[in-house]
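A.B. asks: First the structure, which I've put down as structure tokens, then a few questions once you've had a look.
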Amino acid sequence: MASQQALTELAKRRGFFFGANEAYGGTAGFYTFGPEGAALKRNVESAWREQFTLRLGNEEIEAPTVMPEPVFEASGHLDGFDDMLIECAECGESHRADHLIEDAVADIEDAEALGVDRVEELIRDHDLACPTCGADLAGEPVEDFNLMFETSIGPGSGQPGYLRPETAQGIFVEFPRLKEYARGQLPFGITQIGPAYRNEISPRRGIIRVREFTQAELEQFIDPEEDEPPLEAVEDVEVTLYPVSEQHADDGEYIETTIGEAVDDAIITSPWVAYFLGVAQGWYERVGVDMDRFRFRQHLSGERAHYAADCWDAESEIGGNWIEIAGFAYRGDYDLTKHGEHSEDRFTVFKRYDEPKTVETATVDPDMAALGPEFGGAAGDVADALQALAESDPDAFDGDEVTVEIDGEIYTVDTEVANFSVEEQTENGEHITPHVVEPSFGVGRTVYTLLEHAYSEDEVDDETRTYLSLAPEIAPTDVAVFPLVSNDDALIDVASDLADELRAAGISVSYDDSGSIGRRYRRQDEVGTPFCVTVDQDGLEGDDETTVTLRERDSAAQLRLPVADLAAELEAVFDGDREFADLQDRYERVDTDVTTD
Ligand code: ATP
């Protein structure tokens, strides 16, 4: 297992990620992905897109990252998107108050759920000190701190805007257009991959908690009464669950089960959430998460976001801690209802009935010429009260007179004056607000998990080597091509032609002719390149006869095979049609590390 320090050092040295703006002293919570990291992140995003957009038959959009204030008034973020802040009076450093409790008190895993007052009390009771300077924090106030970055849209005082704290809002606000695109047919799913911004109180653990990060989100819009997920596709998927009941139990254990059983046993109450957990389990396995260091944990009630009915997190074990890498929430109709209430647009879909329905509507059309003289200023209110009564209790109009009560006063009206009637109307359907189920993935945290879970060390040629055992689909580079030496034109010709040929076949290639071959292998091992190809003098036999050495990263095993076969063989391996072991059966193995100098 990699220590955080070893991984951070590797990440920096090999161009995966590093603190941004270091030339200007750095900015906490902002990271730059270097060439290897950006390629790795792109591959994670592509794999996510392939699964959650393409394979599930969804559509992807790209919405702006800056949104005007009313969006966040509606979504609840302006009022409620807070973390608990405590500031050290001595050194001025800000800390997440709930995290201080979690770090200090063994049996509290989720202090946020306890609320501000209780957290303040616990800091006092446990005499907690500032992690930066050691000063006493007891007595310092704990406050709610809104995590959104504010900006101003346009010149002058402009219009207040915010950097979106989740990509989801960009999908919700466009619902009126998106439903048209979907021709008003539920269910449909919209995805988005892009940056989100949170002014985290204390960014930490490298790219795990940062102030700008990439989310990959799917908003699945459903008719809660009709739409069911294709659960059969994932019912046999095995999962490790950590439900609320087990988290509360003294000797709480994980439940090893299948998605189908978890739904039957009501451990996961929403079949839609269960469905996405099943899909996600397969996806995490595919991209290379160590599934022995992975679990789904249900949110405790105090932890759930303001909108969520049931919520599970995907968590990976990193450096001995469980870290949330994705959230799966049943958001109900919260988001669309709120945007419907706060905006001018309609956030509903028209649901057509199988058969048109005839409905009776009771109305009154009071004779105001009679009501006015009789009730004066109260006549309008009496008319409204009569209409309300007609809707709630049409039988009240059966007699000669009808009475309504307004502010404790009784008004009696001739039924004829009220002019009561029942009209029949044919309705073809109704406007319903879809419910939303949301899988929300953090791309950076996934990247970090993959790096940490892939980090390996072993002994090769009496040396300890570090290598990243990344899934070929995710590794930044597919193949490295080396001419054994950099001063032999014949070798260089073959190697660079080969690099071109592989690139033309869609394989990403790193060409490297500097340093000893051993050092070049180590470099590629450290960035997780699955294969290295070395062109040496022994293999130069002329066009079709020329052979090269192919080395597999994890086993460090080497084969000699005709250069003419290489592109096709590697393509088959990358497409999953063939394994390296198959090649080992067919080509000559190179037992000694002939190419290491
Ligand atoms: P946390 O409790 O760790 O702050 P959260 O519950 O607020 O996370 P969500 O709002 O559910 O997170 O966001 C969905 C995903 O976005 C998370 O699972 C995580 O992978 C990612 N994410 C959230 N905040 C950050 C952050 N500050 N830095 C990096 N990734 C983040």
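Identifiers in the structure tokens: chain A, B, ... in order shown; residue index from 1 per chain; ligand index from 1 in order shown.
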Can you list every residue of range 153-272 of chain A that has an atom at most 10 Å from range 8-13 of chain A, with its nearest atom pair and the distance in Å to one decimal, using only C-alpha atoms, ordered by chain then number, as a Markdown table?
C.D. replies:
| residue | atom | partner | partner_atom | distance |
| --- | --- | --- | --- | --- |
| A:Arg205 | CA | A:Thr8 | CA | 9.4 |
| A:Gly206 | CA | A:Thr8 | CA | 7.4 |
| A:Ile207 | CA | A:Thr8 | CA | 9.6 |
A.B. asks: What lies within 12 Å of Pro68 in chain A using only C-alpha atoms, ignoring chain neighbours under 5 positions off, as a PyMOL selection string?
C.D. replies: chain A and resi 73-75+78+149-154+158-164+169-170+173
A.B. asks: Residues at most 12 Å from Val279 in chain A, counting only C-alpha atoms, excluding those fewer than 5 positions away in the same chain, as an NGL selection string?
C.D. replies: :A and (48 or 51-52 or 55-56 or 229-239 or 259 or 272-274 or 284-286 or 314 or 328 or 439)
A.B. asks: Can you work out which one of A:Ser486, A:Gln4, A:Ser510, A:Gln215 has the shortest atom-to-atom distance to ligand 1, counting only C-alpha atoms and all ligand atoms?
C.D. replies: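 Counting only C-alpha atoms and all ligand atoms, the residue closest to ligand 1 is A:Gln215.
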A.B. asks: List as a ChimeraX atom specification the protein and nucleic acid residues lying within 10 Å of ligand 1, with only C-alpha atoms and all ligand atoms counted.
C.D. replies: /A:29-30,81-83,110,112,147,165-168,195-217,299,303-305,311-315,323-329,438-446
A.B. asks: Kindly indicate which residue among A:Leu122, A:Ala129, A:Ala568, A:Val548 lies nearest to Glu102 in chain A, using only C-alpha atoms for the distances.
C.D. replies: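 Checking each of A:Leu122, A:Ala129, A:Ala568, A:Val548 against Glu102 in chain A, counting only C-alpha atoms, the winner is A:Leu122.
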